[in-house]
Each structure stands twice: as C-alpha cells, then as structure tokens.
Amino acid sequence: MNAADPPLWLSLFLVFGAAPAVAIGAHMALHALLGRLLRDEHAPILHRVLRDGRPPVAVALALLAMLAVLPASGLSNVTVGYFSRGLGVLFTGALGWALTRKIAAVFDAYIDRARRLGDGDLSARRRRTQLVIFRRLAVSAGVVLTLGLLLTAIPAVRTVGLSLFASAGVAGIVAGVAARPAVSNLIAGLQLALTQPIRIGDAVLIEGEWGHVEEIGSTFVTVFTWDQRSLLVPLTYFLERPIRNWTRTSSQLLDTVFLYVDYGVPVEAIRKAAREIVEGSPLWDGRAFAVQVTDLRERSMEIRVLMSAADAGRMFDLRCHLRERLIDFVAREHPRALARDRVELDAPSPPPPPPQPPANDGAARREPAAGQ
C-alpha cells in the first residue's frame, strides 16, 4: 500500500459499511415504490412475490455491492482475493436463498387463492394439491442447486468431491440404495400431483378411519380424523392399496337412513314425515330424496330414506337428525308400529271334571232289609 492509498480502516469501512448500507437503502426505497404500485388488490401475486424474501434479497444486494467496491478499495491483491472468494461464496448462497424464496412466493400466492375458494370447489382443491406438491419440489430443487453451487465454489471441496466420485464408482450405487426411499417418495408425490387419487380436503376412509386429507407432505400424508386425531400415511400407500375417497369427483354425497318397523305401519305417513324433516333442515341440498320399502323380513319391514347433502360433514349431521326425528315421530304417532316380536299363546284347556264320590255301600245293603 503506497502513500496515495486510503487508510486501511477507511477501505474496510467503504467495503463492509458504506457499500452495503447504500445497497440496502436503495433496496428499501425501491421496495417501497413498488409496494405502492403493486397493491394487493390490483396485483396479489406480484405483491406476494415482492413481499416475501426481502431479507435474502437485501443480503444478496449488500454482498454484490461489496464485491463491486472491493477491487477499488486500495487493499492488496492477496487481501482482495481472499475477500472476493469469501464474499462470492456468501453471495451464491444468498442469491440461491432469494430465488428459492421468490419461487415459493409465487406458489404460495396461487395456493392462497385456491384456499379462499374453499374445499367445496373441486377444481380449487385439485389446483391446491398440485401447487403444494410442485412448490415442495421447486423449493427442494432450489436448496439442492444452491448447496451444489456453494460446494463447487470452494476449490478444496470441489477437488476432494470430484476425486472421490472419480475413484469410487461404488459410491453411486451406495447413494442410490440409500436414497431409494426418498426417490420413491419423490416419484409418489409426482404421481399424486398428476393423477390425484386424493386431494387436500378430500374425505377418505383409510384403515377403517374416516377423515379429511389435511396435508400432503414430502414423505407422508396427514389425514385429520373425525375425532381430531392425525393419521400419518406414507405417500406410497395411496398408490399401492385401495382407499375410499368420498369426494373424488364431487364433494356432494348421497346417503341413506334405514328404519325397521312393523308391517302395520302406514308407509305414506312415514314418507310424509321424512319429507317434512328433510325439507325443514338446512343440511339438505335439495338434490335427491326418496322413501322406499327395500326389504321384507320375518319380523319387520325395511324402509330406506335416500337424501343428499353438499359434503360429508353435512351428510353425517343430516343422517343423525333424520334418525332422531323419525324415531320420535313413530314412537309418538304410531307406537304399535315399532318392530316387535309376536308371541301367540293357545287358550288353556278346560280343567278336568272333579271325580264323582263313590256310592254308599251301607245304604245299598240296608235296602233289601227294609223290604223284608
């Protein structure tokens, strides 16, 4: 360093103080300006992208400013080289972090839009499922690429890594075997996103447990059961075993309630009462209703009430409501119509006549004596 060069403290301040401060200030001013132009109600997706990932963008701009000022700082070439390599590695990591966060923000904006439409919209649940899975894949790819660039940016690590892979061909086989579960889950996630046997919000029956698909993760699916438990199911389960999806094509459902009554019940009265109960309930969506005698058994007849509802939750409540009101109606209006066992007893046989007393032998013997 000659006499014309600035002092060391001033060079360090310019590189590590003034340059990043100017970059961060410019970033904040530009962000405030764009925030006014891209309001949430006008451009919700761009606003979400602008809002998310501000810290990594600020860090990346600060590191870029330091790299730009460093050659003109007056430091020695050796010092500039060391600082350049270190700042270059940090800038690569910050840039990868920022880009990954911005890509995730795009997916998050569309996921929020699909979530606002509600689980009753089939197309919204389909898009939400695909977006969640592809977001996870994009973030994973961004993290892996960033780590790869960071490792290759360090000469010692790059040399050791290349030599190990070049000298040990078995490493690929070992890595493949070790990564088989992760690869299978990755492929299963892609298949779930494309074929969609299940979607977020679907009502499913798995292993005798009924619940809703709450989350599709990278290795398992979380099913929130009706009793507020979380059932964790591997991704590959949905591709290898049959499941019952109640909302595969639509969230609307048809279901039945069975009533077993005596043969003497007036079916038309049951039909009228069931119609009044269903039509008076806000749980019924008005699509389907029917009352039919579907079976005749030894002691009762089977009456089936068919009804419809908008989703599985409303259908469950409607079935319970109809059962309670129907049994109350039958017990109140036709109490003898409830199913019962008949027992017929024969009339008792008349009692046998009492035995006649024996004849008087003494009187019989005295009669001849009286005639003498």
# chains A, B, ... in the order shown; residues from 1 in each chain; ligands from 1

$ residues_around --residues "Asp255 (chain A)" --least-positions-apart "3" --cutoff "7 Å" --atoms "only C-alpha atoms" --output "ChimeraX atom specification"
/A:306-308

$ residues_around --residues "Pro44 (chain A)" --least-positions-apart "4" --cutoff "10 Å" --atoms "only C-alpha atoms" --output "count of residues only"
10

$ residues_around --residues "region 140-156 of chain A" --least-positions-apart "6" --cutoff "8 Å" --atoms "only C-alpha atoms" --output "JSON, numbers by chain"
{"A": [88, 89, 92, 93, 96, 97, 99, 100]}

$ residues_around --residues "Val267 (chain A)" --least-positions-apart "2" --cutoff "9 Å" --atoms "only C-alpha atoms" --output "PyMOL selection string"
chain A and resi 264-265+269-272+291-293+303

$ write_last_selection --atoms "C-alpha atoms" --output "PDB file, in the first residue's frame"
ATOM      1  CA  GLY A 264     -98.816 -52.470  10.177  1.00  0.00           C
ATOM      2  CA  VAL A 265     -97.101 -49.073   9.843  1.00  0.00           C
ATOM      3  CA  ALA A 269     -97.220 -41.392   6.835  1.00  0.00           C
ATOM      4  CA  ILE A 270     -93.519 -42.255   7.198  1.00  0.00           C
ATOM      5  CA  ARG A 271     -92.838 -40.787   3.741  1.00  0.00           C
ATOM      6  CA  LYS A 272     -94.651 -37.555   4.569  1.00  0.00           C
ATOM      7  CA  VAL A 291     -88.619 -43.163   0.746  1.00  0.00           C
ATOM      8  CA  GLN A 292     -88.930 -46.819  -0.302  1.00  0.00           C
ATOM      9  CA  VAL A 293     -89.629 -50.196   1.258  1.00  0.00           C
ATOM     10  CA  ILE A 303     -87.790 -48.599   4.914  1.00  0.00           C
TER      11      ILE A 303
END

$ closest_residue --among "A:Arg299, A:Arg319, A:Arg51, A:Arg275" --to "Phe258 (chain A)" --atoms "only C-alpha atoms"
A:Arg319

$ closest_residue --among "A:Leu67, A:Ala72, A:Thr222, A:Gly17" --to "Arg85 (chain A)" --atoms "only C-alpha atoms"
A:Leu67

$ atom_distance --atom1 "CA of Thr247 (chain A)" --atom2 "CA of His212 (chain A)"
9.9 Å

$ residues_around --residues "Thr294 (chain A)" --least-positions-apart "3" --cutoff "9 Å" --atoms "only C-alpha atoms" --output "PyMOL selection string"
chain A and resi 301-304

$ write_last_selection --atoms "N, CA and C atoms" --output "CSV table (one decimal), in the first residue's frame"
chain,number,residue,atom,x,y,z
A,301,MET,N,-90.4,-54.8,8.4
A,301,MET,CA,-90.0,-54.4,7.0
A,301,MET,C,-89.0,-53.2,7.1
A,302,GLU,N,-88.2,-53.2,6.0
A,302,GLU,CA,-87.1,-52.2,6.0
A,302,GLU,C,-87.5,-51.0,5.1
A,303,ILE,N,-87.5,-49.8,5.7
A,303,ILE,CA,-87.8,-48.6,4.9
A,303,ILE,C,-86.5,-47.8,4.8
A,304,ARG,N,-86.2,-47.5,3.5
A,304,ARG,CA,-84.9,-46.7,3.3
A,304,ARG,C,-85.3,-45.3,2.9

$ atom_distance --atom1 "CA of Leu253 (chain A)" --atom2 "CA of Asp202 (chain A)"
12.4 Å

$ residues_around --residues "Gly81 (chain A)" --least-positions-apart "6" --cutoff "10 Å" --atoms "only C-alpha atoms" --output "list of chain:residue names"
A:Leu70, A:Pro71, A:Leu75, A:Leu87

$ write_last_selection --atoms "C-alpha atoms" --output "compact mmCIF listing (two decimals), in the first residue's frame"
# COMPACT_ATOMS: atom_id res chain seq x y z
CA LEU A 70 -13.70 -4.37 -3.29
CA PRO A 71 -11.30 -4.03 -6.29
CA LEU A 75 -6.36 -3.27 -0.47
CA LEU A 87 -17.91 -12.88 -0.47

$ closest_residue --among "A:Leu46, A:Val69, A:Ala32, A:Gln252" --to "Phe16 (chain A)" --atoms "only C-alpha atoms"
A:Val69

$ closest_residue --among "A:Leu296, A:Val233, A:Arg248, A:Ile216" --to "Pro197 (chain A)" --atoms "only C-alpha atoms"
A:Arg248

$ closest_residue --among "A:Met66, A:Leu338, A:Val78, A:Val330" --to "Leu14 (chain A)" --atoms "only C-alpha atoms"
A:Met66

$ select_by_dssp --residues "region 56-267 of chain A" --states "alpha helix (DSSP H)" --output "PyMOL selection string"
chain A and resi 56-69+77-116+122-153+155-167+170-178+180-195+237-240+267

$ select_by_dssp --residues "region 96-337 of chain A" --states "strand (DSSP E or B)" --output "JSON, numbers by chain"
{"A": [203, 204, 205, 206, 209, 210, 211, 212, 213, 214, 215, 216, 220, 221, 222, 223, 224, 225, 230, 231, 232, 233, 234, 244, 245, 253, 254, 255, 256, 257, 258, 259, 260, 261, 284, 285, 286, 287, 288, 289, 290, 291, 292, 293, 294, 295, 296, 301, 302, 303, 304, 305, 306, 307, 308, 309]}

$ closest_residue --among "A:Ala94, A:Ala105, A:Ala274, A:Leu239" --to "Leu63 (chain A)" --atoms "only C-alpha atoms"
A:Ala94
